[in-house]
Structures are given as C-alpha cells and as structure tokens.
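**Student:** Structure file run10.cif (mmCIF, C-alpha atoms) is given on the next line.
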```cif
data_coords
#
loop_
_atom_site.label_atom_id
_atom_site.label_comp_id
_atom_site.auth_asym_id
_atom_site.auth_seq_id
_atom_site.Cartn_x
_atom_site.Cartn_y
_atom_site.Cartn_z
CA MET A 1 0.00 0.00 0.00
CA ILE A 2 0.93 3.65 -0.16
CA GLY A 3 3.10 5.04 2.60
CA ASN A 4 3.43 3.64 6.11
CA ILE A 5 0.79 1.26 7.44
CA PRO A 6 -1.23 2.89 10.27
CA THR A 7 -0.72 1.36 13.71
CA ASN A 8 -4.34 0.22 13.94
CA GLU A 9 -3.85 -1.89 10.82
CA LEU A 10 -1.07 -3.91 12.47
CA SER A 11 -3.61 -5.56 14.78
CA ASN A 12 -5.13 -8.90 13.83
CA ALA A 13 -8.30 -7.15 12.67
CA GLY A 14 -6.22 -4.68 10.66
CA ILE A 15 -4.25 -7.44 8.96
CA VAL A 16 -7.43 -9.33 8.08
CA TYR A 17 -9.01 -6.11 6.82
CA ARG A 18 -6.09 -5.31 4.51
CA GLU A 19 -5.98 -8.85 3.13
CA LEU A 20 -9.72 -8.94 2.45
CA LYS A 21 -9.60 -5.52 0.79
CA ARG A 22 -6.66 -6.70 -1.32
CA ARG A 23 -8.67 -9.69 -2.48
CA ILE A 24 -11.63 -7.46 -3.34
CA THR A 25 -9.59 -4.81 -5.18
CA GLU A 26 -7.62 -7.48 -7.09
CA LEU A 27 -10.89 -9.26 -8.01
CA PHE A 28 -10.07 -12.52 -6.25
CA TYR A 29 -13.43 -11.81 -4.61
CA LYS A 30 -15.82 -10.42 -7.20
CA PRO A 31 -19.09 -8.52 -6.76
CA GLY A 32 -21.78 -10.94 -5.60
CA ASP A 33 -19.37 -13.43 -4.03
CA ARG A 34 -20.45 -14.64 -0.60
CA LEU A 35 -17.96 -14.34 2.27
CA SER A 36 -17.99 -16.75 5.21
CA GLU A 37 -16.84 -15.33 8.51
CA ALA A 38 -15.99 -18.79 9.85
CA GLY A 39 -14.32 -19.89 6.62
CA ILE A 40 -12.11 -16.82 6.39
CA ALA A 41 -11.16 -17.08 10.07
CA THR A 42 -10.03 -20.67 9.54
CA GLU A 43 -8.24 -19.94 6.29
CA LEU A 44 -6.28 -16.95 7.61
CA GLY A 45 -5.58 -18.50 11.00
CA TYR A 46 -7.29 -15.84 13.12
CA GLY A 47 -10.34 -15.91 15.35
CA ARG A 48 -13.77 -14.84 14.19
CA SER A 49 -13.64 -11.58 16.17
CA PRO A 50 -10.92 -9.95 13.96
CA VAL A 51 -12.80 -11.10 10.86
CA ARG A 52 -16.04 -9.63 12.22
CA THR A 53 -14.26 -6.33 12.90
CA ALA A 54 -12.77 -6.34 9.40
CA PHE A 55 -16.21 -7.04 7.92
CA SER A 56 -17.65 -4.08 9.80
CA ARG A 57 -14.97 -1.76 8.45
CA LEU A 58 -15.36 -3.03 4.89
CA GLN A 59 -19.11 -2.53 5.17
CA SER A 60 -18.64 1.07 6.34
CA GLU A 61 -16.44 1.71 3.29
CA GLY A 62 -19.01 0.22 0.93
CA TRP A 63 -17.04 -2.86 -0.14
CA ILE A 64 -19.40 -5.50 1.28
CA GLU A 65 -23.03 -5.87 2.30
CA ILE A 66 -24.04 -7.68 5.48
CA SER A 67 -27.57 -9.01 5.80
CA PRO A 68 -28.83 -11.05 8.79
CA GLN A 69 -31.05 -12.99 6.39
CA SER A 70 -28.79 -13.66 3.40
CA GLY A 71 -25.25 -13.31 4.75
CA THR A 72 -22.21 -11.27 3.70
CA PHE A 73 -21.53 -10.46 0.04
CA VAL A 74 -18.94 -8.48 -1.89
CA ARG A 75 -20.53 -5.29 -3.11
CA GLY A 76 -17.82 -3.57 -5.10
CA LEU A 77 -18.80 -0.21 -6.57
CA SER A 78 -21.97 0.77 -8.37
CA ASP A 79 -21.87 2.28 -11.85
CA THR A 80 -22.87 5.62 -10.32
CA GLU A 81 -20.02 5.50 -7.80
CA ILE A 82 -17.50 4.57 -10.49
CA THR A 83 -18.67 7.45 -12.68
CA GLU A 84 -18.43 9.88 -9.77
CA ILE A 85 -14.89 8.75 -8.93
CA LEU A 86 -13.76 9.08 -12.55
CA GLU A 87 -15.39 12.51 -12.85
CA ALA A 88 -13.59 13.66 -9.70
CA ARG A 89 -10.31 12.41 -11.14
CA LEU A 90 -11.09 14.13 -14.44
CA VAL A 91 -11.16 17.51 -12.71
CA LEU A 92 -8.46 17.03 -10.09
CA GLU A 93 -5.85 14.96 -11.93
CA SER A 94 -6.01 17.08 -15.07
CA TYR A 95 -5.20 20.10 -12.95
CA LEU A 96 -2.37 18.33 -11.10
CA ALA A 97 -0.85 17.09 -14.37
CA GLY A 98 -0.50 20.69 -15.54
CA ARG A 99 1.19 21.71 -12.30
CA ALA A 100 3.44 18.67 -12.36
CA ALA A 101 4.72 19.59 -15.84
CA ILE A 102 6.27 22.65 -14.27
CA MET A 103 7.33 21.24 -10.91
CA ILE A 104 8.36 17.61 -11.44
CA SER A 105 12.08 16.92 -11.04
CA ASP A 106 14.35 15.78 -13.84
CA ALA A 107 15.32 12.75 -11.75
CA GLU A 108 11.67 11.71 -11.42
CA LEU A 109 11.15 12.09 -15.16
CA ILE A 110 14.15 9.86 -15.85
CA ARG A 111 12.80 7.24 -13.44
CA LEU A 112 9.38 7.28 -15.11
CA ARG A 113 10.84 7.13 -18.62
CA ASP A 114 12.92 4.09 -17.66
CA ALA A 115 9.84 2.38 -16.25
CA PHE A 116 7.84 3.07 -19.41
CA SER A 117 10.69 1.95 -21.66
CA SER A 118 10.69 -1.52 -20.10
CA PHE A 119 7.31 -2.20 -21.75
CA GLY A 120 8.28 -1.28 -25.31
CA GLU A 121 5.39 -0.11 -27.48
CA ARG A 122 2.72 -2.42 -26.07
CA VAL A 123 1.77 -4.13 -22.83
CA SER A 124 1.96 -7.90 -23.28
CA THR A 125 -0.80 -10.04 -21.80
CA GLY A 126 1.61 -11.48 -19.26
CA ARG A 127 2.44 -8.07 -17.81
CA LEU A 128 -0.99 -6.88 -16.68
CA ASP A 129 0.04 -6.61 -13.03
CA ASP A 130 3.25 -4.79 -13.99
CA TYR A 131 1.27 -2.30 -16.04
CA LEU A 132 -1.24 -1.67 -13.24
CA GLU A 133 1.64 -0.98 -10.87
CA LEU A 134 3.28 1.35 -13.39
CA ASP A 135 -0.03 3.17 -13.86
CA LEU A 136 -0.44 3.59 -10.11
CA GLN A 137 3.12 4.82 -9.55
CA PHE A 138 2.84 7.23 -12.50
CA HIS A 139 -0.27 8.88 -11.08
CA LEU A 140 1.24 9.01 -7.58
CA ALA A 141 4.35 10.69 -9.00
CA ILE A 142 2.13 13.39 -10.49
CA TYR A 143 0.31 13.87 -7.18
CA ARG A 144 3.62 14.34 -5.37
CA ALA A 145 5.17 16.62 -7.96
CA ALA A 146 2.16 18.94 -8.26
CA GLY A 147 2.69 20.25 -4.74
CA ASN A 148 -0.98 20.49 -3.67
CA GLN A 149 -1.29 18.26 -0.62
CA LEU A 150 -5.03 18.79 -0.20
CA ILE A 151 -5.91 17.58 -3.71
CA ALA A 152 -3.29 14.82 -3.54
CA GLY A 153 -4.81 13.65 -0.24
CA ILE A 154 -8.27 13.42 -1.79
CA LEU A 155 -6.94 11.33 -4.67
CA VAL A 156 -4.77 9.08 -2.48
CA ASN A 157 -7.86 8.30 -0.38
CA LEU A 158 -9.47 6.97 -3.56
CA ILE A 159 -6.50 4.76 -4.47
CA ASP A 160 -8.10 1.41 -3.56
CA LYS A 161 -11.28 2.22 -5.48
CA VAL A 162 -9.30 3.50 -8.44
CA ARG A 163 -7.24 0.28 -8.49
CA TRP A 164 -10.47 -1.73 -8.47
CA ILE A 165 -11.80 0.24 -11.45
CA ARG A 166 -8.49 0.00 -13.34
CA ARG A 167 -8.21 -3.74 -12.90
CA GLY A 168 -11.71 -4.21 -14.27
CA SER A 169 -11.08 -1.98 -17.27
CA ALA A 170 -7.71 -3.59 -17.89
CA ALA A 171 -9.43 -6.95 -18.40
CA HIS A 172 -9.94 -5.81 -22.02
CA PRO A 173 -6.62 -6.03 -23.97
CA LEU A 174 -7.57 -3.18 -26.29
CA ARG A 175 -8.27 -0.81 -23.43
CA ILE A 176 -5.07 -1.59 -21.55
CA ASN A 177 -2.92 -0.70 -24.58
CA GLU A 178 -4.99 2.37 -25.36
CA ALA A 179 -4.50 3.51 -21.76
CA PHE A 180 -0.76 2.83 -22.02
CA VAL A 181 -0.52 5.10 -25.06
CA GLU A 182 -2.57 7.77 -23.26
CA ILE A 183 -0.42 7.93 -20.13
CA HIS A 184 2.65 7.83 -22.38
CA ALA A 185 1.34 11.06 -23.94
CA VAL A 186 1.08 12.57 -20.45
CA LEU A 187 4.70 11.62 -19.80
CA ASP A 188 5.76 13.21 -23.10
CA ALA A 189 4.05 16.45 -22.05
CA LEU A 190 5.70 16.35 -18.62
CA GLU A 191 9.12 15.92 -20.22
CA ALA A 192 8.40 18.86 -22.53
CA ARG A 193 7.42 20.95 -19.48
CA ASP A 194 4.19 21.73 -21.34
CA ALA A 195 1.51 22.31 -18.70
CA GLU A 196 -1.30 22.80 -21.20
CA ALA A 197 -0.46 19.61 -23.08
CA ALA A 198 -0.13 17.62 -19.84
CA THR A 199 -3.55 18.83 -18.66
CA ALA A 200 -5.13 17.95 -22.01
CA ALA A 201 -3.47 14.52 -22.18
CA MET A 202 -4.60 13.56 -18.69
CA ARG A 203 -8.12 14.78 -19.42
CA THR A 204 -8.21 12.68 -22.59
CA HIS A 205 -6.97 9.62 -20.68
CA ILE A 206 -9.69 9.82 -18.03
CA GLU A 207 -12.43 10.81 -20.48
CA ASN A 208 -11.57 7.74 -22.55
CA THR A 209 -11.81 5.57 -19.45
CA LEU A 210 -15.28 6.97 -18.79
CA GLU A 211 -16.31 6.39 -22.39
CA PHE A 212 -14.96 2.84 -22.34
CA ARG A 213 -17.13 1.98 -19.37
CA ARG A 214 -20.20 3.50 -21.03
CA THR A 215 -19.75 1.65 -24.32
CA ASN A 216 -18.46 -1.70 -22.98
CA PRO A 217 -20.84 -2.70 -20.18
CA THR A 218 -19.88 -6.37 -20.50
CA GLN A 219 -16.26 -5.45 -19.75
CA SER A 220 -17.07 -4.06 -16.32
CA VAL A 221 -15.32 -5.30 -13.20
CA GLY A 222 -16.07 -8.94 -12.56
CA ALA A 223 -17.08 -9.72 -16.16
CA ASP A 224 -13.66 -10.91 -17.28
CA SER A 225 -12.63 -14.56 -17.25
CA GLN A 226 -9.08 -14.06 -16.00
CA THR A 227 -7.89 -16.29 -13.19
CA TRP A 228 -6.39 -14.26 -10.39
CA PRO A 229 -3.53 -15.42 -8.13
CA GLU A 230 -4.30 -17.34 -4.99
CA PRO A 231 -4.22 -15.11 -1.88
CA VAL A 232 -1.35 -15.43 0.54
CA ARG A 233 -1.84 -17.17 3.86
CA LEU A 234 -1.30 -14.71 6.67
CA ASN A 235 -0.75 -16.92 9.68
CA ARG A 236 1.51 -19.94 9.96
CA ARG A 237 -0.83 -21.40 12.59
CA ALA A 238 -3.37 -22.17 9.87
CA GLU A 239 -0.74 -23.90 7.75
CA ARG A 240 0.48 -26.00 10.67
CA ARG A 241 -3.10 -26.93 11.56
CA ALA A 242 -3.79 -28.05 7.99
CA GLU A 243 -0.56 -30.07 7.87
CA SER A 244 -1.45 -31.70 11.19
CA ASP A 245 -4.91 -32.64 9.94
CA LYS A 246 -3.36 -34.41 6.94
CA SER A 247 -0.96 -36.50 9.05
#
```
If you took the structure in this file and wrote it as structure tokens, what would it be?
**Tutor:**
Amino acid sequence: MIGNIPTNELSNAGIVYRELKRRITELFYKPGDRLSEAGIATELGYGRSPVRTAFSRLQSEGWIEISPQSGTFVRGLSDTEITEILEARLVLESYLAGRAAIMISDAELIRLRDAFSSFGERVSTGRLDDYLELDLQFHLAIYRAAGNQLIAGILVNLIDKVRWIRRGSAAHPLRINEAFVEIHAVLDALEARDAEAATAAMRTHIENTLEFRRTNPTQSVGADSQTWPEPVRLNRRAERRAESDKS
C-alpha cells in the first residue's frame, strides 16, 4: 500500500481487513461473491472476532453488504459511484498534471521514462500486473510533484477504489494498450514541461476511461474470465493446523 501502514492496521483485525480488501480490489473476490466469517477465520488463521471487525470496516467503506437474512456479500462499486470517482479524477488529476509539468524533477522524469521503456510499445498479456503498478506509480508521481497536498490527499484516499476500477477496465486487452498510449502522452508532455499539453493529455486519458465503461458494459469489473492469483496465507498457525490434519 501507499506510505506507512497505520498502527491500527497492524492488529489482527487490521491485517485481516487489509488482506480482504486486497482480495476485493484485485478481483479474487468479485461482486456478488459470498464471504464466510468462519471460513475466512479458519483460512487466515485468526479468530472470528478480527474477521467480524474487518467485515464491519469493509461494510462502512461500501465494499461489502451484510444481511442477517442472506449473509455477507462483496458489493464492489456501483456504476454511479464509479462514474463519480472518474469525474472527480477528471477535474483534479487534469489540474495536477499541468502543475506537475512545471514542478516535477528531472530525476523523477528519468525514473518514469525508464519504467515506461521496459514495456516497449505495447503491454503484453503477461504483464498486466506490472502495467497496473506502473499506472499507479505514475499517477502518484504526479500527485507528489504537483505540490498540492489537499488535492493529492483526496486522490490518495481513492486509491483502492481506483485500483479496483483500473483492474476491471484492464481486463480488455484493447483498453489496456490504449491507456498505455494515453499515459505515455502525459509523460511526453511532462518531459516537454508543457503544462497545457499535460492537462489535455490527462483529461483525454480519463475521459476515454469513462467512455470505455459506457460503451463496454460487458467489460465491467467482474465480467472478465481471467484467473487471479491465490491469496497469501497470513498466519503460519493455519498452515500448521492443515498439515497436522493431513498427518
């Protein structure tokens, strides 16, 4: 995650919360999937109380729904929420891109160019995760360079939801390479120290993301058929218990 992990997230409940959110944002758990408090507690090697606390926090953030009658389900984000997040980014990130063109350091530009160069002209299907990480780090570099901590803070607080949206959109090979070209154009404008061009390129990038979601409803998050990596086990106790049960 971004920055230092808050102290309250180092507790058992915090660790469970971060792992469950990771699974949701990486689409291991997809919208509509049912979550079992007892099953997750056993799998992760923690008691049910930390899982219950994590569920409560995820519910307050809108990631899951908890119903006494039907159980706990992954909610994800609604189309309205996704549109609102992208529209907020459209305004705020376009502005920050223009500022960053003036303020970003030469060293940061060299670092970003090297990262982009490693992909060549296209993003291969085997480098989806690498691209998503590049995309995230590129946007964060712009937030830092722009020098407006208030706007950067608003955008950083949306990081998990933005990652969720990006992963869903990136399920379509055409869109991932279109997006790569678009952020490459932002980088070109940053290197040219052209604030107007950087603003326009970032606006185009986010507008195209909005348009993609409007015109490709079947390519929304959760509609892809990609198999995502198995989640890591967080507690060795669970592994030892499983090994003991087999012997």
**Student:** Record the distance separating CA of Arg144 in chain A and CA of Glu207 in chain A, expressed in Å with one decimal.
**Tutor:**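 Computed distance, CA of Arg144 in chain A to CA of Glu207 in chain A, equals 22.3 Å.
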**Student:** Set the distance at 12 Å and use all atoms listed in the file: which residues neighbour range 106-108 of chain A once local chain neighbours fewer than 5 positions away are removed? I'd like the list as an NGL selection string.
**Tutor:** :A and (100-101 or 113-115 or 137-138 or 140-142 or 144-145 or 187 or 190-193)
**Student:** What separation in Å, quoted to one decimal, exists between CA of Val91 in chain A and CA of Phe116 in chain A?
**Tutor:**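 Taking CA of Val91 in chain A and CA of Phe116 in chain A, their separation equals 24.8 Å.
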**Student:** Fewer than 5 positions away in the same chain doesn't count, so skip those; otherwise give me all residues within 12 Å of Glu87 in chain A, counting all atoms listed in the file, as a list of chain:residue names.
**Tutor:**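 Listing them by chain and then by number gives A:Thr80, A:Glu81, A:Ile82, A:Leu92, A:Glu93, A:Ser94, A:Leu155, A:Val162, A:Arg203, A:His205, A:Ile206, A:Glu207, A:Asn208, A:Thr209, A:Leu210, A:Glu211.
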**Student:** Tell me which of A:Val16, A:Ile165, A:Leu35, A:Leu58 sits closest to Glu84 in chain A, counting only C-alpha atoms.
**Tutor:**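 Answer, going by the shortest atom-to-atom distance: A:Ile165.
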**Student:** For the point (-15.2, -3.1, -5.7) in file coordinates, what residues are within 6 Å, counting all atoms listed in the file? Give the answer as a PyMOL selection string?
**Tutor:** chain A and resi 25+63+76-77+164
**Student:** With C-alpha atoms kept, could you save the residues just selected as a compact mmCIF listing (two decimals), in the coordinates of the input?
**Tutor:**
```txt
# COMPACT_ATOMS: atom_id res chain seq x y z
CA THR A 25 -9.59 -4.81 -5.18
CA TRP A 63 -17.04 -2.86 -0.14
CA GLY A 76 -17.82 -3.57 -5.10
CA LEU A 77 -18.80 -0.21 -6.57
CA TRP A 164 -10.47 -1.73 -8.47
```
**Student:** Pick the closest to Gly32 in chain A from A:Ile64, A:Leu136, A:Met103, A:Ala198: which is it, counting all atoms listed in the file?
**Tutor:** A:Ile64
**Student:** If you apply the PyMOL selection byres ((chain A and resi 47) around 12) to this file, what residues do you get, as a list in words?
**Tutor:**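 Evaluating the PyMOL selection byres ((chain A and resi 47) around 12) on this file yields Asn12, Ala13, Val16, Glu37, Ala38, Gly39, Ile40, Ala41, Thr42, Glu43, Leu44, Gly45, Tyr46, Arg48, Ser49, Pro50, Val51, Arg52, Thr53, Ala54, Asn235, Arg237 and Ala238 of chain A.
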**Student:** Measuring between all atoms listed in the file, which one of A:Val156, A:Leu174, A:Ile85, A:Val74 shows the shortest distance to Asn216 in chain A?
**Tutor:** A:Leu174
**Student:** Would you mind reading off the distance between CA of Ile183 in chain A and CA of Leu134 in chain A, one decimal, in Å?
**Tutor:** 10.1 Å
**Student:** Give me the result of the PyMOL selection byres ((chain A and resi 72) around 6) on this file, residue by residue, as a PyMOL selection string.
**Tutor:** chain A and resi 34-35+65-66+71+73
**Student:** Between A:Asp33, A:Thr199, A:Tyr17, A:Tyr131, single out the one closest to Ser117 in chain A, counting all atoms listed in the file.
**Tutor:**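 Of A:Asp33, A:Thr199, A:Tyr17, A:Tyr131, the one nearest Ser117 in chain A is A:Tyr131, counting all atoms listed in the file.
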**Student:** When the PyMOL selection byres ((chain A and resi 166) around 12) is applied to the file above, which residues end up in the set, as a PyMOL selection string?
**Tutor:** chain A and resi 25-27+82+85-86+128-129+131-136+159-165+167-172+175-176+179-180+206+209-210+212-213+219-222
